[in-house]
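Visitor: Take a look at this one; I'll ask things after.
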Amino acid sequence: MMEQRGIPATVLITEPFQAVVASNAAKLGAAGYHYLTVPHPIWGKDETGLRVLARGIVSKALLQLTGE
């Protein structure tokens, strides 16, 4: 994991992949690893829709990356 190398990181996924991320994190010895979730699907969203999603998670992403 990047954090083990001193590099802050997070994962951005869509809702259906939460169980996959949790399972893989546990297998890698990182149970409870943080991630950000957005509604599924995002592929059909236009630029405005993507900006709305980003604005909704940017503060959480910064918190996960900086701890502040």
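Here's how to read the names in the structure tokens: chain A, B, ... by the order shown, residue numbers from 1 in each chain, ligand numbers from 1 in the order shown.
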Which residues, written as an MDAnalysis selection string, have at least one atom at most 12 Å from Gly29 in chain A, with only C-alpha atoms counted and residues fewer than 6 positions away on the same chain left out?

Guide: chainID A and resid 1 4 22:23

Visitor: Selected residues, C-alpha atoms, written as a compact mmCIF listing (two decimals), in the first residue's frame, please.

Guide:
# COMPACT_ATOMS: atom_id res chain seq x y z
CA MET A 1 0.00 0.00 0.00
CA GLN A 4 3.38 2.06 3.89
CA ALA A 22 -13.39 -4.43 1.88
CA SER A 23 -12.56 -8.04 1.02

Visitor: Give me, as a Markdown table, each residue of range 8-30 of chain A that comes within 7 Å of range 57-66 of chain A, together with its shortest interatomic pair and the distance in Å at one decimal, counting only C-alpha atoms, with rows ordered by chain and rising residue number.

Guide:
| residue | atom | partner | partner_atom | distance |
| --- | --- | --- | --- | --- |
| A:Pro8 | CA | A:Leu65 | CA | 5.2 |
| A:Ala9 | CA | A:Leu65 | CA | 5.9 |
| A:Thr10 | CA | A:Gln64 | CA | 6.6 |

Visitor: Between CA of Val38 in chain A and CA of Glu15 in chain A, what is the distance in Å, rounded to a tenth?

Guide: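 Between CA of Val38 in chain A and CA of Glu15 in chain A the gap is 6.1 Å.
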
Visitor: Check chain A with DSSP on the backbone and list each residue it calls helix (DSSP H, G or I), as JSON, numbers by chain.

Guide: {"A": [2, 3, 4, 5, 15, 16, 17, 18, 19, 20, 21, 22, 23, 24, 25, 26, 27, 47, 48, 49, 50, 51, 52, 53, 54, 55, 56, 57, 58, 59, 60, 61, 62, 63, 64, 65, 66]}

Visitor: Please dump the current selection as a short mmCIF file (atom, residue, chain, number, x, y, z; two decimals), in the first residue's frame; keep C-alpha atoms.

Guide:
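Result saved to result-v5.cif:
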data_model
loop_
_atom_site.label_atom_id
_atom_site.label_comp_id
_atom_site.auth_asym_id
_atom_site.auth_seq_id
_atom_site.Cartn_x
_atom_site.Cartn_y
_atom_site.Cartn_z
CA MET A 2 1.19 3.48 -0.75
CA GLU A 3 0.75 4.59 2.87
CA GLN A 4 3.38 2.06 3.89
CA ARG A 5 5.77 4.04 1.66
CA GLU A 15 -21.29 1.72 -4.62
CA PRO A 16 -21.39 -1.85 -6.01
CA PHE A 17 -17.67 -2.31 -5.35
CA GLN A 18 -17.71 -1.69 -1.60
CA ALA A 19 -17.67 -5.39 -0.71
CA VAL A 20 -14.83 -6.07 -3.17
CA VAL A 21 -12.68 -3.30 -1.69
CA ALA A 22 -13.39 -4.43 1.88
CA SER A 23 -12.56 -8.04 1.02
CA ASN A 24 -9.34 -7.19 -0.80
CA ALA A 25 -8.23 -4.81 1.94
CA ALA A 26 -8.73 -7.53 4.55
CA LYS A 27 -6.74 -10.00 2.44
CA GLU A 47 -19.21 17.46 -16.82
CA THR A 48 -21.66 19.27 -14.56
CA GLY A 49 -22.80 16.02 -12.97
CA LEU A 50 -19.21 14.95 -12.36
CA ARG A 51 -18.41 18.31 -10.79
CA VAL A 52 -21.34 17.90 -8.41
CA LEU A 53 -20.06 14.44 -7.41
CA ALA A 54 -16.54 15.80 -6.92
CA ARG A 55 -17.72 18.68 -4.76
CA GLY A 56 -19.59 16.22 -2.60
CA ILE A 57 -16.49 14.15 -1.81
CA VAL A 58 -13.55 16.55 -2.01
CA SER A 59 -13.58 17.39 1.72
CA LYS A 60 -13.69 13.69 2.61
CA ALA A 61 -10.83 12.99 0.21
CA LEU A 62 -8.71 15.73 1.74
CA LEU A 63 -9.43 14.39 5.22
CA GLN A 64 -8.36 10.89 4.18
CA LEU A 65 -5.22 12.21 2.48
CA THR A 66 -4.11 14.70 5.13
#

Visitor: One number please: CA of Leu12 in chain A to CA of Ala30 in chain A, in Å, one decimal.

Guide: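 The value is 16.3 Å.
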
Visitor: Based on DSSP run over this structure's backbone, return all residues of chain A in strand (DSSP E or B), as a ChimeraX atom specification.

Guide: /A:12-14,36-38

Visitor: I need the chosen residues saved as a PDB file, in the first residue's frame, with N, CA and C atoms.

Guide:
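Contents of out-v1.pdb, as written:
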ATOM      1  N   LEU A  12     -11.287   5.677  -4.794  1.00  0.00           N
ATOM      2  CA  LEU A  12     -12.596   6.173  -5.195  1.00  0.00           C
ATOM      3  C   LEU A  12     -13.294   5.061  -5.971  1.00  0.00           C
ATOM      4  N   ILE A  13     -14.453   4.652  -5.466  1.00  0.00           N
ATOM      5  CA  ILE A  13     -15.196   3.561  -6.095  1.00  0.00           C
ATOM      6  C   ILE A  13     -16.663   3.925  -6.209  1.00  0.00           C
ATOM      7  N   THR A  14     -17.380   3.139  -7.020  1.00  0.00           N
ATOM      8  CA  THR A  14     -18.827   3.282  -7.046  1.00  0.00           C
ATOM      9  C   THR A  14     -19.426   2.244  -6.099  1.00  0.00           C
ATOM     10  N   LEU A  36     -13.617   6.157  -0.721  1.00  0.00           N
ATOM     11  CA  LEU A  36     -14.704   7.087  -0.996  1.00  0.00           C
ATOM     12  C   LEU A  36     -15.664   6.422  -1.964  1.00  0.00           C
ATOM     13  N   THR A  37     -16.939   6.606  -1.731  1.00  0.00           N
ATOM     14  CA  THR A  37     -17.947   5.963  -2.562  1.00  0.00           C
ATOM     15  C   THR A  37     -18.825   7.007  -3.241  1.00  0.00           C
ATOM     16  N   VAL A  38     -19.056   6.796  -4.528  1.00  0.00           N
ATOM     17  CA  VAL A  38     -19.983   7.632  -5.286  1.00  0.00           C
ATOM     18  C   VAL A  38     -21.059   6.723  -5.872  1.00  0.00           C
TER      19      VAL A  38
END
